[in-house]
file work_34.txt (compact mmCIF, C-alpha atoms)
# COMPACT_ATOMS: atom_id res chain seq x y z
CA MET H 30 19.97 50.82 1.42
CA SER H 31 18.15 48.10 -0.52
CA ARG H 32 14.37 48.07 -0.65
CA ALA H 33 12.44 45.05 0.57
CA PRO H 34 10.59 43.20 -2.20
CA ASP H 35 6.97 44.13 -2.75
CA LYS H 36 5.11 41.12 -1.39
CA SER H 37 1.84 42.45 -2.72
CA TYR H 38 2.98 41.98 -6.32
CA VAL H 39 0.90 39.53 -8.35
CA PRO H 40 1.87 38.66 -11.95
CA GLU H 41 -0.62 39.71 -14.58
CA GLY H 42 -3.25 37.08 -15.28
CA ILE H 43 -2.65 35.24 -11.99
CA VAL H 44 -5.47 34.96 -9.45
CA PRO H 45 -4.21 34.38 -5.87
CA GLY H 46 -5.72 31.29 -4.27
CA GLU H 47 -6.44 29.48 -7.54
CA PRO H 48 -4.70 26.16 -8.26
CA THR H 49 -1.56 26.39 -10.40
CA TRP H 50 -3.32 25.02 -13.46
CA ASP H 51 -0.27 25.38 -15.73
CA VAL H 52 1.54 22.74 -13.68
CA THR H 53 -0.90 20.12 -14.94
CA ARG H 54 0.38 20.69 -18.47
CA LEU H 55 3.67 19.12 -17.41
CA PHE H 56 1.92 15.76 -17.06
CA PRO H 57 -0.14 13.57 -19.41
CA ALA H 58 -3.93 13.75 -19.35
CA GLN H 59 -5.76 10.97 -17.53
CA GLY H 60 -5.93 7.95 -19.81
CA SER H 61 -2.74 8.95 -21.62
CA TRP H 62 -0.13 8.04 -19.01
CA THR H 63 2.43 5.40 -19.99
CA GLU H 64 4.15 3.06 -17.55
CA GLN H 65 7.33 5.10 -17.92
CA ASP H 66 5.45 8.35 -17.21
CA TYR H 67 4.20 6.77 -14.01
CA LEU H 68 7.59 5.37 -13.00
CA ASP H 69 9.18 8.78 -13.62
CA LEU H 70 6.69 10.49 -11.32
CA ASN H 71 8.68 11.72 -8.33
CA THR H 72 6.35 12.43 -5.42
CA ASN H 73 5.84 11.55 -1.77
CA GLN H 74 2.15 10.99 -2.54
CA LEU H 75 0.82 7.44 -2.84
CA VAL H 76 0.01 6.94 -6.52
CA GLU H 77 -1.12 3.78 -8.29
CA PHE H 78 -1.39 3.19 -12.04
CA SER H 79 -4.01 1.45 -14.13
CA HIS H 80 -3.88 1.33 -17.94
CA GLY H 81 -3.17 4.98 -18.64
CA PHE H 82 -4.74 6.43 -15.50
CA VAL H 83 -3.10 7.47 -12.23
CA GLU H 84 -4.95 7.24 -8.92
CA PHE H 85 -3.87 9.39 -5.98
CA LEU H 86 -4.56 7.59 -2.70
CA PRO H 87 -5.24 9.30 0.64
CA MET H 88 -2.23 9.53 2.94
CA PRO H 89 -2.44 6.97 5.76
CA THR H 90 -3.37 8.04 9.27
CA ILE H 91 -1.03 7.61 12.24
CA PHE H 92 -3.31 4.76 13.40
CA HIS H 93 -2.82 3.05 10.04
CA GLN H 94 0.95 3.61 10.10
CA ARG H 95 1.35 2.13 13.58
CA ILE H 96 -0.44 -1.08 12.60
CA LEU H 97 1.61 -1.21 9.42
CA LYS H 98 4.82 -0.84 11.45
CA PHE H 99 3.77 -3.72 13.72
CA LEU H 100 3.00 -6.00 10.78
CA PHE H 101 6.23 -5.13 8.98
CA ASN H 102 8.35 -5.75 12.07
CA ALA H 103 6.68 -9.11 12.71
CA LEU H 104 7.09 -10.35 9.14
CA GLN H 105 10.59 -8.90 8.81
CA ALA H 106 11.78 -10.69 11.97
CA PHE H 107 10.37 -14.03 10.76
CA VAL H 108 11.74 -13.73 7.23
CA THR H 109 15.18 -12.50 8.35
CA ALA H 110 15.61 -15.27 10.91
CA GLN H 111 15.18 -17.89 8.18
CA ASN H 112 16.71 -15.91 5.30
CA LEU H 113 13.54 -16.38 3.28
CA GLY H 114 13.64 -13.24 1.15
CA GLU H 115 12.84 -9.54 1.37
CA VAL H 116 10.10 -7.60 3.14
CA LEU H 117 9.35 -3.96 2.31
CA PHE H 118 6.55 -1.55 3.10
CA MET H 119 4.33 1.16 1.67
CA GLY H 120 5.75 2.99 -1.33
CA VAL H 121 7.06 -0.04 -3.22
CA ARG H 122 5.50 -0.24 -6.64
CA VAL H 123 4.33 -3.75 -7.50
CA ARG H 124 3.65 -4.45 -11.17
CA LEU H 125 0.70 -6.81 -11.28
CA TRP H 126 0.70 -7.08 -15.08
CA GLU H 127 1.46 -4.83 -18.03
CA GLY H 128 -0.15 -1.47 -17.38
CA LYS H 129 -1.17 -2.18 -13.77
CA TYR H 130 0.68 -1.16 -10.59
CA ARG H 131 -0.30 -1.18 -6.92
CA GLU H 132 1.56 -0.01 -3.79
CA PRO H 133 0.65 -2.50 -1.01
CA ASP H 134 1.17 -1.65 2.65
CA VAL H 135 3.55 -4.60 3.19
CA VAL H 136 5.11 -6.83 0.53
CA PHE H 137 7.20 -10.00 0.70
CA LEU H 138 9.19 -11.67 -2.07
CA ARG H 139 10.94 -15.02 -1.71
CA ALA H 140 14.72 -15.10 -2.09
CA GLU H 141 14.46 -17.31 -5.16
CA HIS H 142 12.40 -14.59 -6.85
CA ALA H 143 15.00 -11.84 -6.34
CA GLY H 144 15.34 -11.52 -10.12
CA ARG H 145 11.89 -9.93 -10.17
CA VAL H 146 13.19 -6.84 -8.34
CA THR H 147 14.15 -3.73 -10.31
CA ASP H 148 15.17 -0.27 -9.15
CA ASP H 149 11.69 1.03 -9.98
CA TYR H 150 9.31 -1.76 -8.98
CA TRP H 151 8.77 -5.40 -8.07
CA GLU H 152 7.41 -7.76 -10.69
CA GLY H 153 4.65 -9.25 -8.54
CA ALA H 154 5.03 -10.48 -4.96
CA ASP H 155 4.59 -13.62 -2.88
CA LEU H 156 2.62 -12.04 -0.03
CA VAL H 157 0.94 -8.67 0.37
CA MET H 158 -0.77 -7.03 3.35
CA GLU H 159 -3.24 -4.14 3.37
CA VAL H 160 -4.58 -2.23 6.38
CA VAL H 161 -8.14 -1.20 5.56
CA SER H 162 -9.08 2.45 6.12
CA GLY H 163 -12.54 3.57 7.20
CA ASN H 164 -13.45 5.37 3.98
CA ASP H 165 -16.05 3.47 1.91
CA ASP H 166 -13.99 3.79 -1.27
CA ASP H 167 -10.88 2.51 0.49
CA ARG H 168 -12.78 -0.43 1.98
CA ARG H 169 -14.19 -1.34 -1.43
CA ARG H 170 -10.71 -1.09 -2.96
CA ASP H 171 -9.01 -3.31 -0.36
CA LEU H 172 -11.80 -5.83 0.25
CA LYS H 173 -13.00 -6.36 -3.29
CA LYS H 174 -10.93 -4.74 -6.04
CA LYS H 175 -7.47 -5.62 -4.73
CA ARG H 176 -8.63 -9.10 -3.80
CA GLU H 177 -9.55 -9.66 -7.46
CA GLU H 178 -6.40 -8.01 -8.80
CA TYR H 179 -3.90 -9.71 -6.50
CA ALA H 180 -5.44 -13.07 -7.32
CA LEU H 181 -5.32 -12.32 -11.05
CA ALA H 182 -1.64 -11.35 -10.63
CA GLY H 183 -0.95 -14.75 -9.04
CA ILE H 184 0.13 -13.46 -5.62
CA PRO H 185 -0.07 -16.55 -3.38
CA GLU H 186 -1.24 -14.87 -0.15
CA TYR H 187 -3.14 -11.69 0.76
CA TRP H 188 -3.62 -10.43 4.33
CA ILE H 189 -6.43 -7.93 4.96
CA VAL H 190 -6.19 -6.19 8.32
CA ASP H 191 -9.58 -4.65 9.13
CA PRO H 192 -9.67 -2.50 12.29
CA GLU H 193 -13.39 -1.78 11.79
CA LEU H 194 -14.22 -5.50 12.06
CA ASP H 195 -11.41 -6.20 14.57
CA GLN H 196 -10.22 -8.91 12.20
CA ILE H 197 -7.36 -10.15 10.06
CA THR H 198 -8.39 -12.17 7.02
CA VAL H 199 -5.77 -14.36 5.37
CA LEU H 200 -6.51 -15.34 1.77
CA THR H 201 -4.59 -18.00 -0.14
CA LEU H 202 -4.58 -18.56 -3.87
CA GLU H 203 -6.36 -21.64 -5.18
CA GLY H 204 -6.48 -21.64 -8.95
CA PRO H 205 -7.49 -18.21 -10.28
CA THR H 206 -9.15 -16.98 -7.07
CA TYR H 207 -8.52 -16.67 -3.35
CA SER H 208 -9.99 -18.90 -0.69
CA VAL H 209 -10.23 -17.93 2.97
CA HIS H 210 -7.46 -19.54 5.01
CA GLY H 211 -8.84 -17.90 8.13
CA GLU H 212 -10.78 -14.96 9.55
CA PHE H 213 -8.98 -14.26 12.79
CA LYS H 214 -10.49 -12.16 15.59
CA ARG H 215 -9.07 -10.54 18.72
CA GLY H 216 -7.62 -13.17 21.03
CA GLU H 217 -6.57 -15.33 18.07
CA GLN H 218 -3.37 -15.79 16.09
CA ALA H 219 -3.56 -15.03 12.38
CA THR H 220 -1.48 -17.68 10.61
CA SER H 221 0.08 -17.99 7.19
CA LYS H 222 -0.25 -20.92 4.82
CA LEU H 223 2.58 -19.64 2.62
CA LEU H 224 5.00 -19.25 5.56
CA PRO H 225 4.41 -22.09 8.02
CA GLY H 226 5.16 -20.92 11.55
CA PHE H 227 4.48 -17.25 10.89
CA ALA H 228 1.67 -15.86 13.03
CA VAL H 229 0.43 -12.47 14.20
CA ASP H 230 -1.51 -11.85 17.39
CA VAL H 231 -4.62 -10.00 16.24
CA THR H 232 -5.15 -8.15 19.51
CA SER H 233 -1.56 -6.89 19.54
CA ALA H 234 -1.67 -5.86 15.89
CA LEU H 235 -4.83 -3.79 16.32
CA ALA H 236 -3.68 -2.36 19.65
CA ALA H 237 -0.50 -1.13 17.96
CA GLY H 238 -2.55 1.64 16.38
CA GLN H 239 -3.58 3.14 19.70
CA ARG H 240 -1.95 6.15 21.33
CA ASN H 241 0.08 5.63 24.49
CA ASP H 242 -2.83 6.99 26.53
CA GLY H 243 -5.09 4.28 25.13
CA GLY H 244 -6.96 6.52 22.71
CA SER H 245 -7.15 6.15 18.96
CA PRO H 246 -5.98 8.84 16.54
CA ARG H 247 -8.48 7.72 13.92

call {"tool": "encode", "arguments": {"input": "work_34.txt", "output": "structure tokens"}}
result
Amino acid sequence: MSRAPDKSYVPEGIVPGEPTWDVTRLFPAQGSWTEQDYLDLNTNQLVEFSHGFVEFLPMPTIFHQRILKFLFNALQAFVTAQNLGEVLFMGVRVRLWEGKYREPDVVFLRAEHAGRVTDDYWEGADLVMEVVSGNDDDRRRDLKKKREEYALAGIPEYWIVDPELDQITVLTLEGPTYSVHGEFKRGEQATSKLLPGFAVDVTSALAAGQRNDGGSPR
């Protein structure tokens, strides 16, 4: 009769409960990552890349995901009906410039720019959307840092969906910076300058994050 394995066994030199520090040796040190190192990283974690450094982003809440789903479905339906291009969602790596990648919540690329799509990433985008989280660092990243970066990358339109302010801000590129096309509140339709005719009901978009019982999982 075989004996059950001894589950109390701990290898010499290992302290139960400590992080598996040796795993970190499989990856470059911060500041030493290459673009290929980043692209080879296989994880279900949201990770962005900036000039040798990787940044692990917090996983989105259910509230965030529901709003994202609403936005994606709305844009996908509009783009598909007119065969305008491709819409994808969170997890798509967008190369802003050499050494800089972001993973926007929703991304759109015109059909005529299909040559900018690779198996690993998109080379820029024509429209991006971000749903702002409540964390101060996340708000600063979406409202300020990404606004600067997406403009520098030449992305024509940037939608910022801000549940805290009950608002959708649509930014359009004018020269090297964005100008405000509109700051749309509940009861209004957020419209696109890039895609004439495309609009999102702000109330419906924000309400999409609520639970069926009317509560919020935030």

call {"tool": "closest_residue", "arguments": {"input": "work_34.txt", "among": "H:Val229, H:Val136, H:Val146, H:Ala236", "to": "Met158 in chain H", "atoms": "all atoms listed in the file"}}
result
H:Val136

call {"tool": "closest_residue", "arguments": {"input": "work_34.txt", "among": "H:Ala110, H:Val161, H:Ala228, H:Leu100", "to": "Val135 in chain H", "atoms": "only C-alpha atoms"}}
result
H:Leu100

call {"tool": "atom_distance", "arguments": {"input": "work_34.txt", "atom1": "CA of Gln196 in chain H", "atom2": "CA of Phe213 in chain H"}}
result
5.5 Å

call {"tool": "atom_distance", "arguments": {"input": "work_34.txt", "atom1": "CA of Glu132 in chain H", "atom2": "CA of Thr147 in chain H"}}
result
14.7 Å

call {"tool": "closest_residue", "arguments": {"input": "work_34.txt", "among": "H:Gln218, H:Asp191, H:Ile197, H:Ser208", "to": "Arg169 in chain H", "atoms": "only C-alpha atoms"}}
result
H:Asp191

call {"tool": "closest_residue", "arguments": {"input": "work_34.txt", "among": "H:Ser162, H:Phe227, H:Arg95, H:Val157", "to": "Arg122 in chain H", "atoms": "only C-alpha atoms"}}
result
H:Val157

call {"tool": "atom_distance", "arguments": {"input": "work_34.txt", "atom1": "CA of Ala234 in chain H", "atom2": "CA of Gly114 in chain H"}}
result
22.5 Å

call {"tool": "closest_residue", "arguments": {"input": "work_34.txt", "among": "H:Asp165, H:Leu156, H:Leu70, H:Leu235", "to": "Thr201 in chain H", "atoms": "all atoms listed in the file"}}
result
H:Leu156

call {"tool": "residues_around", "arguments": {"input": "work_34.txt", "residues": "Pro205 in chain H", "least_positions_apart": "5", "cutoff": "9 Å", "atoms": "all atoms listed in the file", "output": "MDAnalysis selection string"}}
result
chainID H and resid 180:181 183

call {"tool": "closest_residue", "arguments": {"input": "work_34.txt", "among": "H:Asp195, H:Asp155, H:Asp166, H:Glu178", "to": "Lys129 in chain H", "atoms": "only C-alpha atoms"}}
result
H:Glu178

call {"tool": "axis_aligned_box", "arguments": {"input": "work_34.txt", "around": "range 136-153 of chain H", "padding_each_side": "3 Å", "output": "JSON"}}
result
{"center_x": 10.0, "center_y": -8.1, "center_z": -5.0, "size_x": 16.7, "size_y": 24.3, "size_z": 17.4}
